[in-house]
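Listing of final_28.cif; format and content: mmCIF, C-alpha atoms and all ligand atoms.
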```cif
data_start
#
loop_
_atom_site.label_atom_id
_atom_site.label_comp_id
_atom_site.auth_asym_id
_atom_site.auth_seq_id
_atom_site.Cartn_x
_atom_site.Cartn_y
_atom_site.Cartn_z
CA MET L 4 280.09 46.67 -62.91
CA GLY L 5 281.28 48.95 -65.73
CA SER L 6 279.80 52.32 -66.39
CA GLN L 7 276.32 52.53 -67.87
CA ARG L 8 277.77 54.22 -70.92
CA ASP L 9 280.13 51.33 -71.63
CA CYS L 10 277.38 48.79 -71.13
CA THR L 11 275.06 50.69 -73.47
CA TRP L 12 277.79 50.78 -76.08
CA ILE L 13 278.50 47.05 -75.76
CA LEU L 14 274.82 46.08 -75.83
CA GLY L 15 274.34 48.16 -78.96
CA LEU L 16 270.56 48.42 -79.16
CA PRO L 17 269.77 51.69 -80.97
CA GLY L 18 267.43 53.95 -79.01
CA PHE L 19 267.97 52.19 -75.70
CA ARG L 20 270.40 52.70 -72.88
CA VAL L 21 271.43 50.40 -70.05
CA GLU L 22 270.20 51.50 -66.66
CA ARG L 23 271.46 48.70 -64.48
CA VAL L 24 273.29 45.41 -64.88
CA GLU L 25 272.58 42.70 -62.33
CA GLY L 26 274.24 39.34 -61.88
CA GLU L 27 275.38 37.06 -59.11
CA ASP L 28 278.92 37.97 -58.16
CA GLY L 29 281.33 35.06 -58.13
CA ASP L 30 279.24 32.72 -60.23
CA ALA L 31 281.11 32.24 -63.50
CA THR L 32 278.11 31.40 -65.63
CA SER L 33 275.20 33.14 -63.91
CA ARG L 34 272.52 34.92 -65.89
CA VAL L 35 272.94 38.65 -66.34
CA GLN L 36 269.91 40.89 -66.15
CA ILE L 37 270.17 44.14 -68.04
CA ARG L 38 267.60 46.78 -67.30
CA LEU L 39 266.93 49.09 -70.23
CA GLU L 40 265.34 52.48 -70.67
CA ARG L 41 264.61 54.51 -73.77
CA ARG L 42 266.98 57.26 -74.73
CA GLY L 43 265.83 60.78 -75.29
CA PRO L 44 262.49 62.36 -74.45
CA ARG L 45 259.83 60.19 -72.83
CA ARG L 46 257.71 59.54 -75.87
CA TYR L 47 256.76 56.00 -76.75
CA PRO L 48 255.95 54.60 -80.20
CA CYS L 49 252.55 53.01 -80.70
CA SER L 50 252.66 49.42 -81.92
CA GLY L 51 249.81 50.12 -84.32
CA CYS L 52 251.00 53.12 -86.30
CA GLY L 53 254.49 53.82 -84.98
CA ARG L 54 253.69 57.41 -84.00
CA ARG L 55 255.18 58.49 -80.69
CA THR L 56 253.09 59.68 -77.81
CA ARG L 57 253.72 60.68 -74.23
CA ARG L 58 250.30 59.56 -73.00
CA VAL L 59 250.99 56.41 -71.01
CA ARG L 60 248.20 54.33 -69.50
CA SER L 61 250.18 51.72 -67.64
CA ALA L 62 253.51 49.93 -67.69
CA ARG L 63 254.74 46.43 -67.01
CA ASP L 64 258.18 44.83 -66.82
CA ARG L 65 258.87 42.46 -69.68
CA THR L 66 261.88 40.31 -70.37
CA TRP L 67 263.62 39.10 -73.53
CA ASP L 68 266.50 36.69 -73.95
CA ASP L 69 269.39 38.25 -75.83
CA LEU L 70 272.86 37.30 -77.08
CA PRO L 71 275.13 36.13 -74.25
CA TRP L 72 277.90 38.25 -72.73
CA GLY L 73 280.79 35.83 -72.67
CA PRO L 74 279.69 32.83 -70.58
CA HIS L 75 276.71 34.71 -69.14
CA PRO L 76 273.28 34.29 -70.67
CA VAL L 77 271.54 37.64 -70.90
CA THR L 78 268.02 38.70 -70.05
CA LEU L 79 266.87 42.17 -71.01
CA VAL L 80 264.31 43.84 -68.76
CA TYR L 81 262.31 46.77 -69.99
CA ARG L 82 259.23 48.47 -68.66
CA GLN L 83 256.91 48.28 -71.64
CA ARG L 84 254.21 50.94 -71.65
CA ARG L 85 250.65 50.80 -72.80
CA VAL L 86 250.06 54.01 -74.68
CA ASP L 87 246.93 55.90 -75.57
CA CYS L 88 247.43 56.62 -79.26
CA ARG L 89 245.36 59.30 -80.96
CA HIS L 90 244.92 57.11 -84.01
CA CYS L 91 244.77 53.57 -82.71
CA GLY L 92 243.47 53.85 -79.17
CA ILE L 93 245.07 51.88 -76.37
CA ARG L 94 248.06 49.94 -77.71
CA THR L 95 251.23 48.45 -76.33
CA GLU L 96 254.44 50.29 -76.97
CA ARG L 97 256.51 49.14 -79.93
CA VAL L 98 259.85 47.69 -78.89
CA GLU L 99 262.21 47.86 -81.85
CA PHE L 100 264.61 45.08 -80.95
CA ALA L 101 262.02 42.29 -80.82
CA ASP L 102 258.90 41.09 -82.60
CA PRO L 103 255.58 41.70 -80.85
CA LYS L 104 254.91 38.91 -78.35
CA ALA L 105 258.35 37.37 -78.95
CA ARG L 106 260.35 36.21 -75.93
CA VAL L 107 263.74 36.68 -77.57
CA THR L 108 265.31 39.67 -79.27
CA ARG L 109 265.36 39.76 -83.02
CA ARG L 110 269.12 39.30 -83.27
CA LEU L 111 268.99 36.18 -81.08
CA ARG L 112 266.06 34.94 -83.16
CA GLN L 113 268.20 35.26 -86.29
CA GLN L 114 271.01 33.19 -84.79
CA ILE L 115 268.69 30.45 -83.55
CA GLY L 116 266.89 30.45 -86.89
CA ILE L 117 270.07 30.05 -88.92
CA ASP L 118 271.40 27.35 -86.59
CA GLY L 119 268.09 25.51 -86.83
CA GLN L 120 268.63 24.99 -90.55
CA SER L 121 271.75 22.93 -90.00
CA MET L 122 271.12 21.28 -86.63
CA PRO L 123 268.19 19.93 -84.62
CA THR L 124 266.17 22.52 -82.73
CA SER L 125 267.24 20.94 -79.43
CA HIS L 126 270.91 21.61 -80.24
CA ALA L 127 270.23 25.19 -81.25
CA ALA L 128 268.32 25.65 -77.99
CA VAL L 129 271.26 24.45 -75.91
CA ARG L 130 273.71 26.54 -77.91
CA HIS L 131 271.79 29.72 -77.21
CA GLY L 132 270.70 28.91 -73.68
CA VAL L 133 266.94 28.90 -74.30
CA SER L 134 264.25 26.27 -73.88
CA TRP L 135 263.26 24.03 -76.78
CA GLY L 136 259.91 25.78 -77.15
CA LYS L 137 261.51 29.20 -77.30
CA ALA L 138 264.00 28.00 -79.88
CA ARG L 139 261.29 26.43 -82.02
CA ARG L 140 259.14 29.58 -81.92
CA ALA L 141 262.16 31.72 -82.73
CA GLU L 142 263.04 29.48 -85.65
CA GLN L 143 259.53 29.60 -87.04
CA ALA L 144 259.37 33.39 -86.69
CA PHE L 145 262.74 33.69 -88.40
CA LEU L 146 261.68 31.53 -91.35
CA ALA L 147 258.26 33.16 -91.66
CA ASP L 148 259.84 36.61 -91.66
CA TRP L 149 262.30 35.59 -94.36
CA ASP L 150 259.56 34.03 -96.48
CA ARG L 151 257.29 37.05 -96.15
CA THR L 152 259.87 39.66 -97.07
CA ARG L 153 261.66 38.01 -99.97
CA PRO L 154 260.75 39.01 -103.51
CA GLN L 155 258.04 36.96 -105.14
CA LYS L 156 259.17 35.05 -108.18
CA ARG L 157 257.09 34.28 -111.24
CA PRO L 158 258.30 30.93 -112.57
CA ARG L 159 257.47 29.85 -116.09
CA HIS L 160 257.70 26.20 -115.19
CA LEU L 161 256.15 24.48 -112.22
CA GLY L 162 256.62 21.00 -110.89
CA LEU L 163 253.79 19.05 -109.33
CA ASP L 164 255.00 15.90 -107.70
CA GLU L 165 254.26 13.60 -104.85
CA ILE L 166 256.47 12.38 -102.07
CA GLN L 167 255.98 9.44 -99.81
CA ARG L 168 256.23 10.22 -96.17
CA GLY L 169 256.85 7.60 -93.54
CA LYS L 170 256.45 3.90 -94.06
CA GLY L 171 252.73 3.85 -94.79
CA GLN L 172 251.07 4.85 -97.99
CA GLN L 173 250.96 8.46 -96.94
CA PHE L 174 251.55 10.76 -99.85
CA TRP L 175 252.10 14.48 -99.99
CA SER L 176 251.81 16.71 -103.01
CA VAL L 177 254.60 19.18 -103.59
CA LEU L 178 254.42 22.22 -105.81
CA SER L 179 257.75 23.63 -106.91
CA ASP L 180 259.33 26.30 -109.03
CA LEU L 181 261.47 24.48 -111.59
CA VAL L 182 263.18 27.59 -112.90
CA HIS L 183 264.75 28.55 -109.59
CA GLY L 184 264.57 25.10 -108.01
CA GLU L 185 262.47 26.03 -105.00
CA VAL L 186 259.56 24.44 -103.18
CA ILE L 187 256.40 26.58 -103.26
CA GLY L 188 253.76 24.53 -101.48
CA LEU L 189 253.09 21.29 -99.70
CA ARG L 190 249.80 19.50 -98.99
CA ARG L 191 248.78 16.18 -97.58
CA ASP L 192 247.29 13.67 -100.03
CA ARG L 193 247.49 13.49 -103.81
CA THR L 194 243.98 14.07 -105.05
CA THR L 195 242.67 16.53 -107.62
CA GLU L 196 241.46 18.74 -104.78
CA THR L 197 244.92 18.82 -103.20
CA ALA L 198 246.55 19.78 -106.47
CA THR L 199 243.88 22.42 -107.14
CA THR L 200 244.36 23.93 -103.68
CA LEU L 201 248.10 24.04 -104.18
CA LEU L 202 247.78 25.82 -107.50
CA THR L 203 245.17 28.30 -106.33
CA THR L 204 246.18 29.16 -102.76
CA ASP L 205 249.97 28.87 -102.87
CA LEU L 206 250.24 30.93 -106.04
CA THR L 207 248.90 34.41 -106.64
CA ALA L 208 246.95 35.21 -109.79
CA ARG L 209 249.97 37.16 -111.04
CA GLN L 210 252.18 34.13 -110.58
CA ARG L 211 249.68 31.80 -112.21
CA ALA L 212 249.53 34.00 -115.29
CA ALA L 213 253.26 33.50 -115.89
CA VAL L 214 253.14 29.71 -115.95
CA THR L 215 253.57 28.09 -119.37
CA ALA L 216 254.30 24.48 -118.41
CA VAL L 217 253.73 22.17 -115.48
CA CYS L 218 255.90 19.11 -115.09
CA THR L 219 254.06 16.17 -113.53
CA ASP L 220 254.06 12.43 -113.64
CA MET L 221 251.31 10.63 -115.50
CA HIS L 222 249.11 10.68 -112.43
CA ARG L 223 245.60 11.62 -113.56
CA PRO L 224 244.47 13.93 -110.67
CA ASP L 225 247.42 16.29 -111.14
CA ARG L 226 246.71 16.63 -114.84
CA ASN L 227 243.05 17.37 -114.23
CA ALA L 228 243.91 20.04 -111.70
CA VAL L 229 246.38 21.70 -114.05
CA ALA L 230 243.85 21.70 -116.90
CA ALA L 231 241.22 23.28 -114.66
CA VAL L 232 243.33 25.93 -112.93
CA LEU L 233 245.93 26.74 -115.57
CA PRO L 234 244.17 26.28 -118.92
CA LYS L 235 247.00 27.99 -120.80
CA ALA L 236 249.77 25.89 -119.33
CA GLU L 237 250.87 22.67 -120.92
CA VAL L 238 251.57 19.45 -119.05
CA VAL L 239 255.06 18.05 -119.56
CA PHE L 240 255.65 14.55 -118.28
CA ASP L 241 258.64 14.20 -116.06
CA LYS L 242 261.45 12.31 -117.74
CA PHE L 243 262.35 10.29 -114.68
CA HIS L 244 258.82 9.12 -114.12
CA VAL L 245 258.59 7.94 -117.72
CA LEU L 246 261.87 6.08 -117.35
CA GLN L 247 260.61 4.59 -114.11
CA HIS L 248 257.80 2.98 -116.07
CA ALA L 249 260.38 1.63 -118.49
CA SER L 250 262.40 0.17 -115.63
CA ALA L 251 259.28 -1.46 -114.21
CA ALA L 252 258.66 -3.10 -117.60
CA LEU L 253 262.26 -4.30 -117.74
CA ASP L 254 261.91 -5.73 -114.26
CA GLU L 255 258.83 -7.61 -115.34
CA VAL L 256 260.75 -9.12 -118.26
CA ARG L 257 263.43 -10.25 -115.80
CA ARG L 258 260.79 -11.92 -113.69
CA GLN L 259 259.29 -13.67 -116.72
CA GLU L 260 262.59 -14.85 -118.06
CA PHE L 261 264.26 -16.05 -114.89
CA PHE L 262 261.81 -16.69 -112.10
CA ARG L 263 259.10 -18.38 -114.06
CA ALA L 264 261.55 -20.48 -116.06
CA GLY L 265 262.64 -23.19 -113.66
CA ALA L 266 265.17 -23.58 -110.86
CA VAL L 267 268.36 -23.38 -112.94
CA MET L 268 267.51 -20.05 -114.48
CA ARG L 269 266.19 -18.77 -111.19
CA ALA L 270 269.52 -19.39 -109.49
CA HIS L 271 271.23 -17.58 -112.33
CA GLY L 272 269.12 -14.48 -112.04
CA ARG L 273 269.06 -14.22 -108.29
CA GLY L 274 270.25 -10.98 -106.73
CA LYS L 275 270.60 -9.21 -110.06
CA ARG L 276 267.60 -6.95 -109.86
CA TRP L 277 269.33 -3.74 -108.83
CA LEU L 278 272.19 -4.39 -111.18
CA LEU L 279 269.77 -4.76 -114.05
CA LEU L 280 267.83 -1.63 -113.20
CA ARG L 281 270.95 0.51 -113.22
CA ARG L 282 271.83 2.47 -116.32
CA TRP L 283 274.62 1.03 -118.43
CA LYS L 284 276.79 4.13 -118.14
CA THR L 285 276.76 3.89 -114.33
CA VAL L 286 277.79 0.23 -114.26
CA ARG L 287 281.53 -0.27 -113.99
CA GLY L 288 284.20 -2.98 -113.91
CA SER L 289 283.23 -6.37 -112.53
CA LYS L 290 279.57 -5.39 -112.41
CA ARG L 291 279.65 -4.85 -116.14
CA VAL L 292 281.02 -8.37 -116.60
CA GLU L 293 278.25 -9.71 -114.38
CA LEU L 294 275.65 -7.90 -116.43
CA GLU L 295 277.13 -9.19 -119.66
CA ALA L 296 277.01 -12.76 -118.30
CA LEU L 297 273.35 -12.22 -117.49
CA PHE L 298 272.65 -11.02 -121.01
CA ALA L 299 274.56 -13.95 -122.51
CA ALA L 300 272.24 -16.28 -120.62
CA ASN L 301 269.14 -14.60 -121.95
CA ARG L 302 268.99 -12.63 -125.16
CA ARG L 303 265.48 -11.41 -124.61
CA LEU L 304 266.48 -9.72 -121.42
CA PHE L 305 269.35 -8.12 -123.28
CA LYS L 306 266.99 -6.86 -125.93
CA ALA L 307 264.66 -5.39 -123.30
CA TYR L 308 267.59 -3.72 -121.59
CA VAL L 309 268.77 -2.13 -124.81
CA LEU L 310 265.26 -0.94 -125.58
CA ARG L 311 265.04 0.76 -122.23
CA GLU L 312 268.45 2.36 -122.62
CA GLN L 313 267.39 3.72 -126.01
CA LEU L 314 264.36 5.47 -124.52
CA ASP L 315 266.72 8.11 -123.18
CA ARG L 316 266.94 9.45 -126.70
CA LEU L 317 263.29 10.58 -126.55
CA TRP L 318 264.53 13.69 -124.79
CA THR L 319 267.18 14.57 -127.34
CA TYR L 320 264.73 15.45 -130.09
CA ARG L 321 263.70 19.05 -130.48
CA THR L 322 260.52 18.53 -132.50
CA ARG L 323 257.39 16.55 -131.83
CA CYS L 324 257.78 14.80 -135.18
CA GLY L 325 261.23 13.69 -134.19
CA VAL L 326 259.94 12.22 -130.94
CA LEU L 327 257.13 10.40 -132.73
CA ASP L 328 259.49 9.07 -135.42
CA PHE L 329 261.84 7.79 -132.79
CA LEU L 330 259.05 6.04 -130.93
CA MET L 331 257.88 4.42 -134.15
CA GLY L 332 261.38 3.17 -134.82
CA TRP L 333 261.52 1.88 -131.28
CA PHE L 334 258.28 -0.03 -131.91
CA LYS L 335 259.74 -1.54 -135.07
CA ALA L 336 262.72 -2.84 -133.16
CA LEU L 337 260.30 -4.46 -130.76
CA ARG L 338 258.57 -6.51 -133.43
CA TRP L 339 259.13 -10.31 -133.42
CA GLN L 340 260.84 -10.06 -130.03
CA ARG L 341 257.97 -11.58 -128.04
CA LEU L 342 258.35 -9.06 -125.25
CA PRO L 343 254.75 -8.34 -124.25
CA GLU L 344 255.86 -6.16 -121.32
CA MET L 345 257.83 -3.87 -123.57
CA GLU L 346 255.00 -3.76 -126.08
CA ARG L 347 252.66 -2.67 -123.32
CA LEU L 348 255.18 0.00 -122.36
CA GLY L 349 255.25 1.19 -125.96
CA ASP L 350 251.47 1.49 -126.04
CA PHE L 351 251.58 3.38 -122.78
CA LEU L 352 254.16 5.80 -124.16
CA LEU L 353 252.15 6.27 -127.32
CA THR L 354 248.98 7.20 -125.44
CA HIS L 355 250.99 9.74 -123.42
CA ILE L 356 253.01 11.03 -126.35
CA ASP L 357 251.56 14.54 -126.06
CA GLY L 358 252.93 15.08 -122.58
CA ILE L 359 256.21 13.34 -123.33
CA ALA L 360 256.87 15.35 -126.47
CA ALA L 361 255.79 18.59 -124.81
CA HIS L 362 259.39 19.06 -123.67
CA CYS L 363 260.14 20.17 -127.24
CA ASP L 364 258.23 23.38 -126.66
CA HIS L 365 259.23 23.93 -123.05
CA ASP L 366 262.81 23.54 -121.90
CA VAL L 367 261.84 22.18 -118.52
CA ARG L 368 264.85 21.42 -116.34
CA PHE L 369 264.28 17.77 -115.48
CA GLY L 370 267.46 17.67 -113.43
CA VAL L 371 265.96 20.22 -111.05
CA VAL L 372 263.04 17.89 -110.38
CA GLU L 373 265.46 15.22 -109.23
CA SER L 374 267.64 17.49 -107.11
CA LEU L 375 264.55 18.97 -105.46
CA ASN L 376 263.37 15.49 -104.56
CA THR L 377 266.74 14.70 -103.01
CA THR L 378 266.68 17.86 -100.89
CA ILE L 379 263.09 17.26 -99.83
CA LYS L 380 263.90 13.73 -98.73
CA ALA L 381 266.90 14.94 -96.73
CA VAL L 382 264.80 17.55 -94.91
CA LEU L 383 262.04 15.03 -94.22
CA ARG L 384 264.54 12.60 -92.79
CA ARG L 385 265.89 15.23 -90.44
CA ALA L 386 262.41 16.45 -89.53
CA ARG L 387 261.12 12.99 -88.79
CA GLY L 388 257.96 13.14 -86.77
CA MET L 389 257.46 16.84 -87.31
CA ARG L 390 253.74 17.44 -86.93
CA ASP L 391 253.67 21.07 -87.89
CA GLU L 392 253.02 21.33 -91.61
CA ALA L 393 253.59 25.07 -91.83
CA MET L 394 257.01 24.71 -90.22
CA LEU L 395 257.92 21.81 -92.48
CA LEU L 396 257.02 23.85 -95.55
CA LEU L 397 259.11 26.79 -94.36
CA LYS L 398 262.07 24.49 -93.78
CA LEU L 399 261.66 23.01 -97.25
CA LYS L 400 261.50 26.45 -98.80
CA TRP L 401 264.66 27.49 -97.01
CA ALA L 402 266.54 24.30 -97.89
CA THR L 403 265.69 24.53 -101.58
CA ALA L 404 266.08 28.31 -101.98
CA HIS L 405 269.60 28.42 -100.42
CA PRO L 406 269.24 32.01 -99.23
CA ILE L 407 272.72 31.96 -97.70
CA ARG L 408 275.28 31.58 -100.48
CA SER L 409 278.08 33.79 -99.23
CA ALA L 410 279.59 35.23 -96.08
CA ARG L 411 277.89 38.51 -96.92
CA ASP L 412 274.47 36.88 -97.02
CA LEU L 413 275.12 35.32 -93.64
CA ALA L 414 276.24 38.64 -92.16
CA ARG L 415 273.07 40.31 -93.39
CA PHE L 416 270.92 37.58 -91.89
CA LEU L 417 272.66 37.86 -88.55
CA THR L 418 271.98 41.57 -88.19
CA GLY L 419 268.27 40.81 -88.00
CA HIS L 420 267.16 43.40 -90.48
CA SER L 421 265.10 42.25 -93.39
CA VAL L 422 267.54 41.16 -96.03
CA TYR L 423 265.68 42.75 -98.90
CA SER L 424 264.61 45.99 -97.29
CA ASN L 425 266.58 49.15 -97.98
CA ARG L 426 266.49 50.38 -94.43
ZN ZN L 501 248.86 54.35 -83.18
#
```
In structure tokens, write the structure found in this file.
Amino acid sequence: MGSQRDCTWILGLPGFRVERVEGEDGDATSRVQIRLERRGPRRYPCSGCGRRTRRVRSARDRTWDDLPWGPHPVTLVYRQRRVDCRHCGIRTERVEFADPKARVTRRLRQQIGIDGQSMPTSHAAVRHGVSWGKARRAEQAFLADWDRTRPQKRPRHLGLDEIQRGKGQQFWSVLSDLVHGEVIGLRRDRTTETATTLLTTDLTARQRAAVTAVCTDMHRPDRNAVAAVLPKAEVVFDKFHVLQHASAALDEVRRQEFFRAGAVMRAHGRGKRWLLLRRWKTVRGSKRVELEALFAANRRLFKAYVLREQLDRLWTYRTRCGVLDFLMGWFKALRWQRLPEMERLGDFLLTHIDGIAAHCDHDVRFGVVESLNTTIKAVLRRARGMRDEAMLLLKLKWATAHPIRSARDLARFLTGHSVYSNR
């Protein structure tokens, strides 16, 4: 094998030199064992305080998986000392190229961690020649390290939403930062206690003090929790949830008009539900003709559709008076139409007018709520069956924060140093 000097240079671990390289001759893909020793004087850093000492109690060979050398997977072997530190007592020696207790070097951990964000853990494990368990632990350590060392943001606007997980009625509450579009916390269930825990444990007091508005749906427990934990913050109802209620009302009108009105009408309205629930501006070509035919058959349905489409305008007003005026006008248009579902919707909107009109004072980015939900669903789909909540949260944070936006970001992540430290 090459000279020790060359091997040390190729391995490139600062502070360590290669003593011996072992591998099976002739086998093209055999594992290479690289035995390391510290450079310089025989003084070993304490894992507690980092001070170096020459007082060694005992020593034991330990191994770490490292980046491969060509087709050969690499195992590093180093005799890790137990030192007697003046300040900390008996401690293990600090090994700079790996985390304490980790079975892979930090630079391999970074590669597995980055791969794990775009492929299943099992694929990343095969790619880097480690077991699934090692890859999963490396990935978690990578994500936890990133999350711990990144700067803490203080968002003005929070989102408190629920997501459905799996087929059953299992709901999770998600707390997110609507200014930067990132997930902050995740808890099972959607009770007041869950929301309170999210707001108190996943946010520091400093972060809580910066919040001026929380965007939620009209779900009562969330609102109670916000009022209790963040008395200064205002609740803003999420635009898409409000419009969802409007669509539900429209759907009910459809049911009334077609399905409870005899066989002829029923045949006419069959299979039109999704078409009807779509927004007019997204309906094109032949579908538009279909929709128009549906409206020609039933004017009341047309009226309800128009009323729902108009609700969009609620979010164009910049003053609370404007919002209220618009809603009053909307009510007037409803009169004499005999659309009890829409009237009920109007009453519902009126009782929640405070939260709906609150957007006038807080420019909450409703689009971010939607895009966050899309990302969350994509991660959940990929992580189907993942039992580990902490890991799931870390993956969600990574997926929504997009920490790698350029080649430079990627390069910094691959070196294994903390991205935000100045070392
Ligand atoms: Zn020490």
Around ligand ZN 501 (chain L), which protein and nucleic acid residues have at least one atom no more than 7 Å from it, if we count all atoms listed in the file? List them as a VMD selection string.
chain L and resid 49 to 54 88 to 92
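Between L:Asp87 and the residues L:Arg112, L:Arg384, L:Arg63, L:Arg55, the shortest atom-to-atom distance, using all atoms listed in the file, involves L:Arg55.
Interatomic distance, atom CA of L:Pro17 to atom CA of L:Arg106: 18.8 Å.
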Write out as a list in words each polymer residue whose atoms come within 8 Å of L:Lys242, counting all atoms listed in the file; drop sequence neighbours fewer than 6 positions from it.
Trp318, Ile359 and Phe369 of chain L
How big is the axis-aligned box around all listed atoms of stretch 68-85 of chain L once 3 Å goes on each side, and where's its centre, in Å to one decimal, as JSON?
```
{"center_x": 265.7, "center_y": 41.9, "center_z": -72.9, "size_x": 36.1, "size_y": 24.1, "size_z": 14.4}
```
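Among the candidates L:Leu353, L:Ile379, L:Val267, L:Leu161, the residue lying nearest to L:Val367 is L:Leu161 (atoms considered: all atoms listed in the file).
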Tell me, as a JSON list (two decimals) with C-alpha atoms, in the frame of the given file, which residues lie within 6 Å of stretch 410-419 of chain L, counting all atoms listed in the file; anything in the same chain fewer than 4 positions away does not count.
```
[["chain", "number", "residue", "atom", "x", "y", "z"],
["L", 109, "ARG", "CA", 265.36, 39.76, -83.02],
["L", 110, "ARG", "CA", 269.12, 39.30, -83.27],
["L", 113, "GLN", "CA", 268.20, 35.26, -86.29]]
```
Neighbour list for L:Thr203 as a ChimeraX atom specification, cut-off 12 Å, all atoms listed in the file, skip fewer than 2 positions in-chain:
/L:178,187-188,196-201,205-212,228-229,231-233
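Taking atom CA of L:Asp102 and atom CA of L:Glu27 as endpoints, the distance between them is 29.0 Å.
For the atom pair formed by atom CA of L:Ala105 and atom CA of L:Val133, the distance is 12.9 Å, given to one decimal.
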Within 8 Å of (270.8, 43.1, -67.5), all atoms listed in the file: residues as JSON, numbers by chain?
{"L": [21, 23, 24, 25, 26, 35, 36, 37, 38, 39, 77, 78, 79, 80]}
Which neighbours of L:Arg139 fall inside 9 Å, counting only C-alpha atoms, when residues of the same chain fewer than 6 positions from it are skipped, and could you give them as a tab-separated table (two decimals) with C-alpha atoms, in the frame of the given file?
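Dumped everything to result-v9.tsv:
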```
chain	number	residue	atom	x	y	z
L	115	ILE	CA	268.69	30.45	-83.55
L	116	GLY	CA	266.89	30.45	-86.89
L	119	GLY	CA	268.09	25.51	-86.83
L	124	THR	CA	266.17	22.52	-82.73
L	125	SER	CA	267.24	20.94	-79.43
L	128	ALA	CA	268.32	25.65	-77.99
```
I need the residue nearest L:Trp339 from this list: L:Gln313, L:Met394, L:Asp64, L:Arg303. Use all atoms listed in the file for the distance.
L:Arg303
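Residue neighbourhood of L:Arg316, excluding near-sequence residues (fewer than 4 positions): Arg311, Glu312, Tyr320, Val326, Phe329 and Leu330 of chain L, at 10 Å, using all atoms listed in the file.
In terms of minimum interatomic distance to L:Cys218, L:Leu181 ranks closest within L:Leu181, L:Val292, L:Ala251, L:Leu279, counting all atoms listed in the file.
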